[in-house]
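Asker: If it helps, the file is called data04.cif and holds mmCIF, C-alpha atoms and all ligand atoms:
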```cif
data_model
loop_
_atom_site.label_atom_id
_atom_site.label_comp_id
_atom_site.auth_asym_id
_atom_site.auth_seq_id
_atom_site.Cartn_x
_atom_site.Cartn_y
_atom_site.Cartn_z
CA MET F 1 69.44 92.50 119.01
CA SER F 2 66.36 94.63 119.35
CA ARG F 3 62.81 93.71 118.53
CA PHE F 4 62.60 97.03 116.68
CA TRP F 5 65.20 96.00 114.11
CA SER F 6 64.00 94.92 110.69
CA GLU F 7 64.77 91.39 109.49
CA ARG F 8 67.50 92.80 107.20
CA VAL F 9 69.23 94.68 110.02
CA ARG F 10 69.17 91.59 112.24
CA GLU F 11 71.05 89.64 109.59
CA LEU F 12 73.69 92.27 108.80
CA GLU F 13 77.35 91.65 109.52
CA PRO F 14 78.66 95.22 109.32
CA TYR F 15 82.15 96.13 108.12
CA VAL F 16 84.66 96.66 110.91
CA PRO F 17 87.08 99.50 110.08
CA GLY F 18 90.66 99.49 111.37
CA GLU F 19 90.90 101.00 114.83
CA GLN F 20 91.49 104.70 115.44
CA PRO F 21 92.89 104.50 119.00
CA LYS F 22 92.99 107.69 121.02
CA ILE F 23 96.49 107.05 122.37
CA ASP F 24 99.21 109.68 122.01
CA GLY F 25 102.54 108.76 120.47
CA LEU F 26 101.27 105.63 118.75
CA ILE F 27 102.80 104.70 115.38
CA LYS F 28 99.70 103.99 113.37
CA LEU F 29 100.32 101.71 110.40
CA ASN F 30 96.93 99.98 110.32
CA THR F 31 94.57 101.94 108.02
CA ASN F 32 96.67 103.05 105.02
CA GLU F 33 96.46 106.74 105.82
CA SER F 34 99.11 109.16 104.55
CA PRO F 35 101.91 110.12 106.93
CA PHE F 36 101.90 113.63 105.39
CA PRO F 37 99.48 116.50 105.99
CA PRO F 38 97.19 117.52 103.12
CA SER F 39 98.31 120.16 100.59
CA PRO F 40 99.10 123.46 102.37
CA ARG F 41 96.55 125.05 100.03
CA VAL F 42 93.76 123.30 101.96
CA ARG F 43 94.38 125.65 104.89
CA ASP F 44 93.95 128.67 102.58
CA VAL F 45 90.39 127.73 101.62
CA LEU F 46 89.15 126.90 105.13
CA THR F 47 88.66 130.60 105.87
CA ASP F 48 86.27 132.46 108.15
CA GLY F 49 84.31 133.39 105.01
CA ALA F 50 83.96 129.71 104.08
CA ILE F 51 82.81 128.95 107.64
CA ASP F 52 80.21 131.76 107.55
CA LYS F 53 78.83 130.23 104.36
CA LEU F 54 78.10 126.98 106.18
CA ARG F 55 74.63 128.41 106.93
CA LEU F 56 73.88 127.68 103.25
CA TYR F 57 73.48 124.22 101.75
CA PRO F 58 76.32 123.20 99.43
CA ASP F 59 75.92 122.88 95.64
CA PRO F 60 74.02 119.58 95.37
CA ASN F 61 75.83 118.81 92.11
CA SER F 62 79.34 119.79 93.37
CA SER F 63 79.82 121.34 89.91
CA ALA F 64 83.11 123.11 90.64
CA LEU F 65 84.68 119.93 92.04
CA LYS F 66 83.38 117.83 89.14
CA GLN F 67 84.94 120.32 86.71
CA THR F 68 88.29 120.06 88.55
CA ILE F 69 88.22 116.24 88.45
CA ALA F 70 87.13 116.26 84.78
CA ASP F 71 89.99 118.62 83.85
CA TYR F 72 92.50 116.48 85.75
CA TYR F 73 91.50 113.28 83.90
CA GLY F 74 90.66 114.85 80.51
CA LEU F 75 86.97 113.95 80.81
CA LYS F 76 83.66 115.87 80.86
CA PRO F 77 82.05 116.83 84.20
CA GLU F 78 79.09 114.59 83.24
CA GLN F 79 81.53 111.65 83.36
CA THR F 80 82.33 112.31 87.03
CA PHE F 81 80.51 111.58 90.28
CA VAL F 82 81.49 112.67 93.79
CA GLY F 83 80.51 111.34 97.19
CA ASN F 84 81.26 111.15 100.89
CA GLY F 85 84.34 108.92 100.61
CA SER F 86 84.71 106.24 97.95
CA ASP F 87 82.91 103.85 100.32
CA GLU F 88 79.73 105.82 99.68
CA VAL F 89 80.39 105.96 95.94
CA LEU F 90 80.89 102.18 95.98
CA ALA F 91 77.66 101.69 97.93
CA PHE F 92 75.74 103.75 95.36
CA ALA F 93 77.35 101.75 92.54
CA PHE F 94 76.38 98.42 94.14
CA MET F 95 72.81 99.68 94.42
CA ALA F 96 72.70 101.17 90.92
CA PHE F 97 74.34 98.37 88.90
CA PHE F 98 74.80 95.09 90.73
CA GLN F 99 71.27 94.11 91.76
CA GLN F 100 71.03 91.70 88.81
CA PRO F 101 69.71 88.20 88.13
CA ARG F 102 73.31 86.99 87.70
CA PRO F 103 75.98 87.06 90.44
CA LEU F 104 78.52 89.81 90.96
CA LEU F 105 82.09 88.48 90.67
CA TYR F 106 84.99 89.53 92.89
CA PRO F 107 88.16 87.95 94.34
CA ASP F 108 88.01 85.82 97.52
CA ILE F 109 90.71 88.02 99.03
CA THR F 110 89.79 91.65 98.56
CA TYR F 111 88.26 94.73 100.19
CA SER F 112 85.98 93.33 102.86
CA PHE F 113 83.30 95.98 102.34
CA TYR F 114 82.12 94.25 99.12
CA PRO F 115 80.31 91.34 100.84
CA VAL F 116 78.76 93.81 103.30
CA TYR F 117 77.18 95.85 100.47
CA CYS F 118 76.01 92.60 98.85
CA GLN F 119 74.23 91.65 102.03
CA LEU F 120 72.77 95.11 102.54
CA PHE F 121 71.45 95.36 98.99
CA ASP F 122 70.57 91.67 98.56
CA ILE F 123 73.06 91.10 95.75
CA ASP F 124 74.00 87.59 94.70
CA TYR F 125 77.80 87.16 94.40
CA GLU F 126 80.55 84.66 93.66
CA MET F 127 84.07 84.97 95.04
CA LEU F 128 86.80 83.76 92.69
CA PRO F 129 89.99 82.53 94.43
CA LEU F 130 93.24 84.40 93.94
CA ALA F 131 96.18 82.37 92.58
CA ASP F 132 98.78 81.01 95.05
CA ASP F 133 100.92 84.14 94.56
CA LEU F 134 97.83 86.19 95.52
CA SER F 135 97.34 87.57 91.99
CA ILE F 136 93.95 87.98 90.30
CA ASN F 137 93.51 85.71 87.28
CA LEU F 138 91.18 87.63 84.97
CA ALA F 139 90.58 84.55 82.79
CA ASP F 140 88.37 83.29 85.67
CA TYR F 141 86.08 86.32 85.19
CA ARG F 142 85.17 85.42 81.62
CA ARG F 143 81.83 83.93 82.51
CA GLU F 144 78.23 85.10 82.80
CA ASN F 145 77.90 87.69 85.53
CA GLY F 146 75.84 90.58 86.86
CA GLY F 147 78.97 92.73 87.29
CA ILE F 148 82.65 92.53 88.18
CA ILE F 149 84.49 94.46 90.86
CA PHE F 150 88.06 94.40 92.15
CA PRO F 151 90.53 96.94 93.46
CA ASN F 152 93.60 97.70 91.37
CA PRO F 153 95.98 97.41 93.17
CA ASN F 154 94.09 94.80 95.15
CA ALA F 155 93.70 95.17 98.91
CA PRO F 156 95.05 93.85 101.21
CA THR F 157 97.62 92.24 98.88
CA GLY F 158 98.87 95.42 97.13
CA ARG F 159 99.33 93.52 93.85
CA ALA F 160 98.39 95.40 90.66
CA LEU F 161 97.20 94.20 87.26
CA PRO F 162 98.48 95.86 84.08
CA LEU F 163 95.98 98.07 82.26
CA SER F 164 96.24 95.82 79.18
CA ASP F 165 94.70 92.93 81.19
CA ILE F 166 91.84 95.15 82.34
CA GLU F 167 91.22 96.34 78.79
CA ALA F 168 91.20 92.74 77.51
CA LEU F 169 88.52 91.94 80.11
CA LEU F 170 86.48 94.99 79.07
CA LYS F 171 86.64 93.94 75.42
CA GLU F 172 85.03 90.60 76.26
CA ASN F 173 82.76 91.62 79.11
CA THR F 174 80.44 94.16 77.50
CA ASP F 175 77.04 93.35 79.07
CA SER F 176 77.66 94.15 82.72
CA VAL F 177 79.39 96.89 84.70
CA VAL F 178 83.10 96.42 85.45
CA LEU F 179 84.06 98.51 88.49
CA ILE F 180 87.78 99.10 89.12
CA ASP F 181 88.28 100.37 92.67
CA GLU F 182 91.41 102.52 92.40
CA ALA F 183 91.75 103.59 96.03
CA TYR F 184 95.53 102.90 95.85
CA VAL F 185 96.23 103.38 92.13
CA ASP F 186 98.44 106.45 92.55
CA PHE F 187 101.15 104.46 94.34
CA GLY F 188 102.15 102.31 91.40
CA ALA F 189 99.39 101.09 89.08
CA GLU F 190 98.01 102.47 85.82
CA SER F 191 94.60 104.08 86.07
CA ALA F 192 91.75 102.78 83.92
CA ALA F 193 90.44 106.39 83.80
CA GLN F 194 91.93 106.65 80.31
CA LEU F 195 89.62 103.83 79.11
CA VAL F 196 86.40 105.49 80.27
CA ASP F 197 85.66 107.12 76.88
CA ARG F 198 85.91 103.75 75.10
CA TYR F 199 83.99 101.40 77.42
CA PRO F 200 80.48 102.50 78.46
CA ASN F 201 80.33 99.74 81.11
CA LEU F 202 83.56 100.78 82.90
CA LEU F 203 83.31 102.58 86.24
CA VAL F 204 86.47 103.69 88.04
CA THR F 205 86.39 104.83 91.67
CA GLN F 206 89.09 106.81 93.44
CA THR F 207 89.55 108.54 96.76
CA LEU F 208 91.34 111.54 98.26
CA SER F 209 91.84 109.51 101.46
CA LYS F 210 95.23 107.99 100.62
CA SER F 211 97.42 109.76 98.05
CA ARG F 212 96.00 113.20 98.87
CA SER F 213 96.14 112.81 102.66
CA LEU F 214 92.45 113.62 103.19
CA ALA F 215 90.98 110.52 104.86
CA GLY F 216 89.33 112.77 107.43
CA LEU F 217 87.58 114.87 104.79
CA ARG F 218 85.65 111.95 103.24
CA LEU F 219 85.80 112.57 99.52
CA GLY F 220 85.62 109.88 96.87
CA PHE F 221 84.71 110.00 93.20
CA ALA F 222 83.80 107.89 90.20
CA LEU F 223 84.66 108.25 86.52
CA GLY F 224 82.49 106.58 83.89
CA SER F 225 80.22 106.98 80.89
CA VAL F 226 77.44 109.56 81.10
CA GLU F 227 74.87 106.76 81.42
CA LEU F 228 76.65 105.15 84.40
CA ILE F 229 77.10 108.50 86.10
CA GLU F 230 73.40 109.26 85.61
CA GLY F 231 72.62 105.94 87.31
CA LEU F 232 74.74 106.96 90.31
CA GLU F 233 73.09 110.40 90.43
CA ARG F 234 69.66 108.77 90.51
CA VAL F 235 70.64 106.72 93.55
CA LYS F 236 72.36 109.67 95.26
CA ASN F 237 69.36 111.94 94.70
CA SER F 238 67.09 109.28 96.18
CA PHE F 239 69.23 109.07 99.31
CA ASN F 240 71.02 112.34 100.22
CA SER F 241 71.13 115.43 97.99
CA TYR F 242 74.23 116.86 99.72
CA PRO F 243 76.82 114.15 100.42
CA VAL F 244 79.71 116.60 99.85
CA ASP F 245 79.71 119.57 102.21
CA ARG F 246 81.01 123.05 101.36
CA LEU F 247 84.34 122.69 103.19
CA ALA F 248 84.98 119.27 101.65
CA GLU F 249 84.31 120.55 98.14
CA ALA F 250 86.59 123.58 98.55
CA ALA F 251 89.43 121.53 100.08
CA ALA F 252 89.14 118.74 97.52
CA ILE F 253 89.47 121.19 94.62
CA VAL F 254 92.75 122.69 95.83
CA ALA F 255 94.14 119.29 96.86
CA ILE F 256 93.61 117.99 93.31
CA GLU F 257 94.98 121.17 91.76
CA ASP F 258 98.18 121.04 93.84
CA ASP F 259 99.72 118.36 91.67
CA ASP F 260 103.33 119.15 92.65
CA TYR F 261 102.62 118.48 96.32
CA PHE F 262 100.70 115.30 95.42
CA ARG F 263 103.64 113.96 93.37
CA GLN F 264 106.15 114.83 96.09
CA CYS F 265 104.19 112.91 98.77
CA ARG F 266 103.47 109.97 96.47
CA ASP F 267 107.13 109.62 95.44
CA GLN F 268 108.20 109.71 99.07
CA VAL F 269 105.70 106.97 100.01
CA ILE F 270 106.96 104.80 97.13
CA ALA F 271 110.62 105.30 98.17
CA THR F 272 109.81 104.48 101.81
CA ARG F 273 107.82 101.42 100.71
CA GLU F 274 110.81 100.11 98.76
CA TRP F 275 113.11 100.66 101.73
CA THR F 276 110.61 98.91 104.05
CA GLU F 277 110.17 95.92 101.71
CA ALA F 278 113.95 95.40 101.56
CA ARG F 279 114.33 95.59 105.37
CA LEU F 280 111.40 93.22 105.94
CA GLN F 281 112.92 90.71 103.52
CA GLU F 282 116.24 90.89 105.39
CA LEU F 283 114.30 89.94 108.53
CA GLY F 284 112.84 86.86 106.80
CA PHE F 285 109.42 88.25 105.79
CA ARG F 286 108.12 87.39 102.32
CA THR F 287 106.51 90.49 100.85
CA VAL F 288 103.92 90.53 98.08
CA PRO F 289 105.08 93.02 95.39
CA SER F 290 103.19 96.18 96.32
CA ALA F 291 101.86 98.96 94.09
CA ALA F 292 100.04 100.51 97.06
CA ASN F 293 100.82 102.55 100.19
CA PHE F 294 101.10 99.38 102.27
CA VAL F 295 103.03 96.13 102.26
CA PHE F 296 101.44 92.72 102.72
CA ALA F 297 104.11 90.60 104.36
CA ARG F 298 104.17 86.92 105.29
CA VAL F 299 105.82 86.55 108.67
CA PRO F 300 109.12 84.60 108.91
CA GLU F 301 108.93 80.80 109.10
CA GLY F 302 107.93 79.64 112.59
CA GLU F 303 106.54 83.03 113.68
CA ASP F 304 102.90 83.68 114.54
CA ALA F 305 101.45 86.77 112.79
CA ALA F 306 98.80 87.43 115.46
CA GLU F 307 101.42 87.24 118.21
CA LEU F 308 103.80 89.46 116.27
CA SER F 309 101.10 92.12 115.82
CA ARG F 310 100.42 91.96 119.59
CA GLN F 311 104.10 92.41 120.37
CA LEU F 312 104.30 95.36 117.99
CA ARG F 313 101.34 96.85 119.76
CA ASP F 314 103.18 96.53 123.06
CA ALA F 315 105.94 98.55 121.35
CA ARG F 316 103.24 101.13 120.47
CA ILE F 317 103.11 100.28 116.77
CA ILE F 318 99.83 99.11 115.25
CA VAL F 319 99.58 97.16 112.01
CA ARG F 320 96.63 95.21 110.55
CA TYR F 321 96.21 91.49 111.15
CA PHE F 322 93.37 89.56 109.46
CA ASN F 323 92.30 86.41 111.23
CA LYS F 324 90.95 84.82 108.04
CA PRO F 325 91.80 81.77 105.93
CA ARG F 326 94.84 82.37 103.64
CA LEU F 327 95.58 85.71 105.37
CA SER F 328 96.40 84.64 108.89
CA GLU F 329 100.17 84.35 108.25
CA TYR F 330 100.43 87.91 106.96
CA LEU F 331 100.58 91.43 108.36
CA ARG F 332 99.40 94.43 106.38
CA ILE F 333 101.70 97.33 107.16
CA SER F 334 100.82 100.86 105.99
CA ILE F 335 103.72 103.01 104.82
CA GLY F 336 104.31 105.78 107.34
CA SER F 337 107.09 108.38 107.51
CA ASP F 338 110.74 107.30 107.28
CA THR F 339 111.10 107.69 111.05
CA GLU F 340 108.01 105.55 111.70
CA MET F 341 109.22 102.79 109.39
CA GLN F 342 112.68 102.84 110.99
CA ALA F 343 110.97 102.43 114.37
CA LEU F 344 108.97 99.50 112.99
CA ILE F 345 112.10 97.73 111.73
CA THR F 346 113.94 98.36 115.02
CA ALA F 347 110.98 96.94 116.97
CA LEU F 348 110.74 93.88 114.69
CA LYS F 349 114.47 93.20 115.04
CA ALA F 350 114.13 93.26 118.83
CA ILE F 351 111.06 91.00 118.79
CA LEU F 352 112.57 88.46 116.36
CA SER F 353 116.04 88.31 117.96
C1 LIG O 401 90.09 99.02 98.35
C2 LIG O 401 89.45 100.17 99.04
N1 LIG O 401 88.44 100.81 98.45
C3 LIG O 401 87.83 101.85 99.03
C4 LIG O 401 88.22 102.31 100.26
C5 LIG O 401 87.44 103.44 100.90
O1 LIG O 401 88.12 104.62 100.98
P1 LIG O 401 87.39 105.98 101.38
O2 LIG O 401 85.97 105.68 101.76
O3 LIG O 401 88.20 106.54 102.47
O4 LIG O 401 87.43 106.81 100.12
C6 LIG O 401 89.26 101.69 100.93
C7 LIG O 401 89.67 102.16 102.28
O5 LIG O 401 90.54 101.71 102.92
C8 LIG O 401 89.89 100.59 100.31
O6 LIG O 401 90.88 99.92 100.93
#
```
So, in terms of C-alpha cells, how does the structure I just supplied come out?
Answerer:
Amino acid sequence: MSRFWSERVRELEPYVPGEQPKIDGLIKLNTNESPFPPSPRVRDVLTDGAIDKLRLYPDPNSSALKQTIADYYGLKPEQTFVGNGSDEVLAFAFMAFFQQPRPLLYPDITYSFYPVYCQLFDIDYEMLPLADDLSINLADYRRENGGIIFPNPNAPTGRALPLSDIEALLKENTDSVVLIDEAYVDFGAESAAQLVDRYPNLLVTQTLSKSRSLAGLRLGFALGSVELIEGLERVKNSFNSYPVDRLAEAAAIVAIEDDDYFRQCRDQVIATREWTEARLQELGFRTVPSAANFVFARVPEGEDAAELSRQLRDARIIVRYFNKPRLSEYLRISIGSDTEMQALITALKAILS
C-alpha cells in the first residue's frame, strides 16, 4: 500500500498469470502455450530491414493485418480490431460495452480476468453457476443484462458449446453485447465468426497466443459489426494509438497466412490431447471433455490435487492448480509435445503407485 495510490488502485485485486519460471529443462504445462515454434515464415519477416524500420511508428490502424484477418474470415477490414494480446482487446471491450446500468453475466467458473476488468472499470456483474458436469447452461442467461461474456471453449474446463446454442442466445438477446472469447476455439469448437454479419451485438475475440504459437508476440483480435468495432477503436484511440508494433504486425500476417502449418500443429495438439485424456483416465483421473489445448482433470479418488501438483513440480513438471471452490480437486494440464506428455504420464504413474 502506498499513500500515493488512488482509492481504485488500493482496492484492486490484480490477475495473477501462470508462472514463467526461469528454470532450464522444466516441462511447462501450466499456461496453455503451444509446444511448437511459430510458422517458419515468421523468421523471414523479422529481417534487418524490418528492424531498421523500428525508428518509425507502426501503422496506427494495422491496416495490412486487418485485411489479412478479414480475408481469412470472409469479413471486411472494418469488422476487425487488433490489439496487444486478446487480454487488451477484452479490456477495451469491457470498457466500451459493459459499463451499463444492468449487470454483465458470465459463468462462475471461467477466465479469471473477467472479474478483474469489472473491478477496474466499475462494472456490475452476476456470475451464473455452471452445471454439475461443468457445462454452461445458456437458458440461465435469458434474463435482463448489460452484456454476456464467456469463453468457447470455456476455461479452465475446456468444454465447448455448439454454435447452434450460441445462435439461439443471440436471437433472444438482442439489446446487449454478447462477447464470445474464442482463445481456444481452434482446438475443437465452432467459431461464431460466421455469425458476425447477422448479429450486430456479437463480438468474437481470438488470439495468436495458442493455436499460432505466438504467446510472446502479444497479438489478439476481435471480429464484430462495424458499430462494435468503431466502439473499440474509440477506446483504443483514447488509450494507446499503437498497441501493435511493426514486428508484431508483420509476424502476425504471415502466421495467419501459413494455414498449412497452423493446421498441422493444431491437428497434432488434438491427437496428443486425445492420447493424454485416455492415459489420465487409465490412471483414475476423470477428465472433462476438452475442445481446447488443455485437459481439466479431476484427480483420482483419495488423492489431493494440490499435493499432486507439488509432486509433479518436484519431478520438474508444472501444471496449473486452482485453490478455489469447485476447482480444488482438479488439475489443468496444457497439451505439450508427445515427449512431454509421455514424461507427465510416467511421472504420474510413479507418484500414484
Ligand atoms: C479464456 C482466455 N481468454 C483470453 C486469454 C488471453 O490471451 P492473450 O492475451 O494471450 O491473447 C486467455 C489466456 O490464457 C484465456 O485463457
Asker: Quick one: of F:Thr31, F:Ser39, F:Gln100, F:Asn145, who's nearest to ligand LIG 401 (chain O), counting all atoms listed in the file?
Answerer: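 So, comparing all the options, the nearest one is F:Thr31.
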Asker: Compile the contact shell of region 266-278 of chain F as a CSV table (one decimal) with C-alpha atoms, in the frame of the given file: residues with an atom at most 8 Å away, counting all atoms listed in the file, same-chain residues fewer than 6 positions apart removed.
Answerer:
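Once written, part08.csv looks like this:
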```
chain,number,residue,atom,x,y,z
F,186,ASP,CA,98.4,106.4,92.6
F,187,PHE,CA,101.2,104.5,94.3
F,188,GLY,CA,102.2,102.3,91.4
F,211,SER,CA,97.4,109.8,98.0
F,287,THR,CA,106.5,90.5,100.8
F,293,ASN,CA,100.8,102.6,100.2
F,294,PHE,CA,101.1,99.4,102.3
F,295,VAL,CA,103.0,96.1,102.3
F,335,ILE,CA,103.7,103.0,104.8
F,336,GLY,CA,104.3,105.8,107.3
F,337,SER,CA,107.1,108.4,107.5
F,338,ASP,CA,110.7,107.3,107.3
F,341,MET,CA,109.2,102.8,109.4
F,345,ILE,CA,112.1,97.7,111.7
```
Asker: Let me have all residues with an atom within 7 Å of ligand LIG 401 (chain O), counting only C-alpha atoms and all ligand atoms, laid out as a list in words.
Answerer: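 Using only C-alpha atoms and all ligand atoms, everything at most 7 Å from ligand LIG 401 (chain O) comes to Thr31, Asn32, Gly85, Ser86, Asp87, Glu88, Tyr111, Pro151, Asn154, Ala155, Asp181, Glu182, Ala183, Gln206, Thr207, Leu208, Ser209, Ala215, Arg218, Leu219 and Gly220 of chain F.
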Asker: Within 8 Å of (96.8, 103.2, 109.7) (coordinates as in the file), grab all the protein and nucleic acid residues, counting only C-alpha atoms, and write them out as JSON, numbers by chain.
Answerer: {"F": [18, 20, 28, 29, 30, 31, 32, 33, 318, 319, 334]}
Asker: Let me make sure I understand: among F:Phe296, F:Glu257, F:Lys171, F:Ala91, which one has the smallest atom-to-atom distance to Phe239 (chain F) if we use all atoms listed in the file?
Answerer: F:Ala91
Asker: Can you tell me how far CA of Arg198 (chain F) sits from CA of Gly158 (chain F), in Å to one decimal?
Answerer: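 Value for the CA of Arg198 (chain F)-CA of Gly158 (chain F) distance: 26.9 Å.
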Asker: Which residue out of F:Gly146, F:Asp133, F:Gly224, F:Leu217 has the minimum interatomic distance to Arg286 (chain F) when all atoms listed in the file are used?
Answerer: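 Ranking F:Gly146, F:Asp133, F:Gly224, F:Leu217 by distance to Arg286 (chain F), first place goes to F:Asp133.
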Asker: Report the distance between CA of Asn137 (chain F) and CA of Gly231 (chain F) in Å, rounded to one decimal place.
Answerer: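 Calculated distance between CA of Asn137 (chain F) and CA of Gly231 (chain F) is 29.1 Å.
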Asker: For the point (80.2, 94.3, 106.0) in the file's frame, write as a list in words all residues with an atom no more than 10 Å away, counting all atoms listed in the file.
Answerer: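 Answer for this query, in the requested form: Leu12, Glu13, Pro14, Tyr15, Val16, Pro17, Tyr111, Ser112, Phe113, Tyr114, Pro115, Val116, Tyr117, Cys118, Gln119 and Leu120 of chain F.
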Asker: For each of F:Pro60, F:Pro156, F:Gly216, F:Gly74, take the minimum atom-to-atom distance to Leu331 (chain F), counting all atoms listed in the file, then give the residue where this is smallest.
Answerer: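 Going through F:Pro60, F:Pro156, F:Gly216, F:Gly74 one by one, the smallest distance to Leu331 (chain F) is for F:Pro156.
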